[in-house]
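Read the structure below first, then the notes.
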Protein chains: 2
Amino acid sequence: MKKDSRLILALDVTSSDRAISLARSLNEYFDAIKIGYPLILSSGLDVVREISSFSQVIADLKVADIPNTNRLICEAVLSAGAGGLIAHAFTGRDSLEACADCVGEHGADLYVVTEMSHPGSRQFMAPLALDLARLAAQVDAAGVVAPATRPERISLIRSAIGSRTIISPGVGAQGGSAREALDAGADYIIVGRSVLQAEDPRAYVKGLLSQMR
Amino acid sequence: MKKDSRLILALDVTSSDRAISLARSLNEYFDAIKIGYPLILSSGLDVVREISSFSQVIADLKVADIPNTNRLICEAVLSAGAGGLIAHAFTGRDSLEACADCVGEHGADLYVVTEMSHPGSRQFMAPLALDLARLAAQVDAAGVVAPATRPERISLIRSAIGSRTIISPGVGAQGGSAREALDAGADYIIVGRSVLQAEDPRAYVKGLLSQMR
């Protein structure tokens with residue numbers, strides 16, 4: 001991704017028509033569009049194919065299986081056109097390497113989850129976040145996912161990954177601040193529900209962009 | 001599930017036609033059929049609907065997201081007819097509870113991953129396996145997933161979950177022994193590639209069942 005708006009749209013809707021219409025209408029404001037399983041389960045991989053035709057798609061599958069299954073999952077979504085993929089690292093090096101290899105074959109970007117934006121992430125993931133970030137660097141991932149809801153954790157995770165990209169969810173509906181996340185070292189802010197549920201999504205994004213400047 | 005054959009088929013193929021044909025042909029030997037993302041990504045949820053019409057389906061989605069996304073994923077696959085769901089616990093209590101609540105609403109069974117069958121599982125998951133198993137008990141999951149490749153871990157995990165069900169992958173292609181996993185406390189053995197790639201899958205299963213007796 002090139003840093004332009006520094007914004008990624010989390011396309012958290014489950015209707016294919018609404019997803020494609022929102023993606024087209026908001027595309028100009030975002031560097032990438034993140035698509036997860038709820039939309040893919042309702043719409044199939046066709047929605048990834050369609051949106052990949054006009055935007056960079058990051059497939060947020062939080063891949064977390066044994067190496068062979070991880071490889072099959074990555075192959076399916078990258079063949080459908082996704083240019084980025086989000087995977088978990090807590091399943092260990094061999095599982096993450098299976099994702100990294102597949103992503104590499106497709107010339108796509110791998111983003112590794114270090115810590116998440118919800119409260120439960122403190123229980124098992126936060127104590128391991130630096131180890132997970134180091135593993136991301138070891139498999140030469142393009143970047144990591146770190147929570148905008150806890151900017152101090154972004155700074156800490158930055159210390160383990162050098163210049164790799166940090167993409168950061170949790171702004172808006174979950175309470176994180178875009179400005180604070182960027183100041184803490186995030187490269188891209190991921191926004192979803194707050195945009196999609198706004199009365200005027202385009203106006204909301206323009207407001208967010210001016211806060212970020 | 002009722003304990004009958006004590007076998008679960010991991011339907012690890014990516015062609016919908018082949019999946020349905022294998023499921024029909026082998027159904028009589030298995031208490032449930034486990035379906036994962038590689039097949040669902042290639043075939044859509046229709047394959048879950050179809051196979052649920054004649055077998056118990058366990059959706060092996062290893063759900064591992066924030067609570068809201070977990071709920072949407074669970075709702076999609078349980079609405080398609082799955083009677084069981086596999087989720088990760090390392091994302092924390094709130095995320096796992098979102099799965100447990102949705103599974104409860106559908107009268108389905110939740111199975112929680114404690115430790116996995118591949119080598120990488122030793123890195124971050126094995127040290128937490130007992131905590132993950134305890135969390136499974138706290139959310140009143142039907143059972144847990146524990147690796148047949150390491151029977152001593154099944155015994156240990158059994159100590160944390162009382163009489164809940166243990167389903168155990170890793171037999172066959174990954175090297176685990178069905179007999180040893182059952183002796184260590186597993187209730188069900190999950191087999192996939194070794195059956196599906198056998199020259200005569202039905203004969204292979206009959207041999208496996210006689211070893212298990």
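Chain labels A, B, ... are given in the sequence in which chains occur in the structure tokens; within each chain residues are numbered consecutively from 1, and ligands are likewise numbered from 1 in the order shown.
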
query: For chain B against chain A, which residues fall within 8 Å using only C-alpha atoms, given as an MDAnalysis selection string?
result: chainID B and resid 37:38 41:42 44:45 62 64:67 69 72:73 76:77 90:95 116:125

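For Leu78 (chain A), the non-local neighbours within 8 Å, defined as residues at least 6 positions apart in the same chain or in other chains and counting only C-alpha atoms, are A:Gly84, A:Leu85, A:Val103, A:His106, A:Ala108.
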
Nearest-residue call for Tyr204 (chain A), choices A:Val191, A:Ile166, A:Ala181, A:Gln174, using only C-alpha atoms: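 Nearest to Tyr204 (chain A): A:Val191.
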
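Counting only C-alpha atoms and comparing A:Gly207, A:Pro127, A:Gly162, A:Gly192, the residue that lies closest to Lys34 (chain A) is A:Gly192.
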
- request: Measure the distance from CA of Arg213 (chain A) to CA of Ser159 (chain A) in Å and round it to one decimal.
  value: 24.1 Å

message: Could you pull out the helix (DSSP H, G or I) residues of chain A, going by DSSP on the backbone, and write them as number ranges by chain?
response: A: 16-29, 37-43, 46-52, 67-79, 93-105, 121-124, 126-138, 151-161, 178-184, 193-196, 201-212
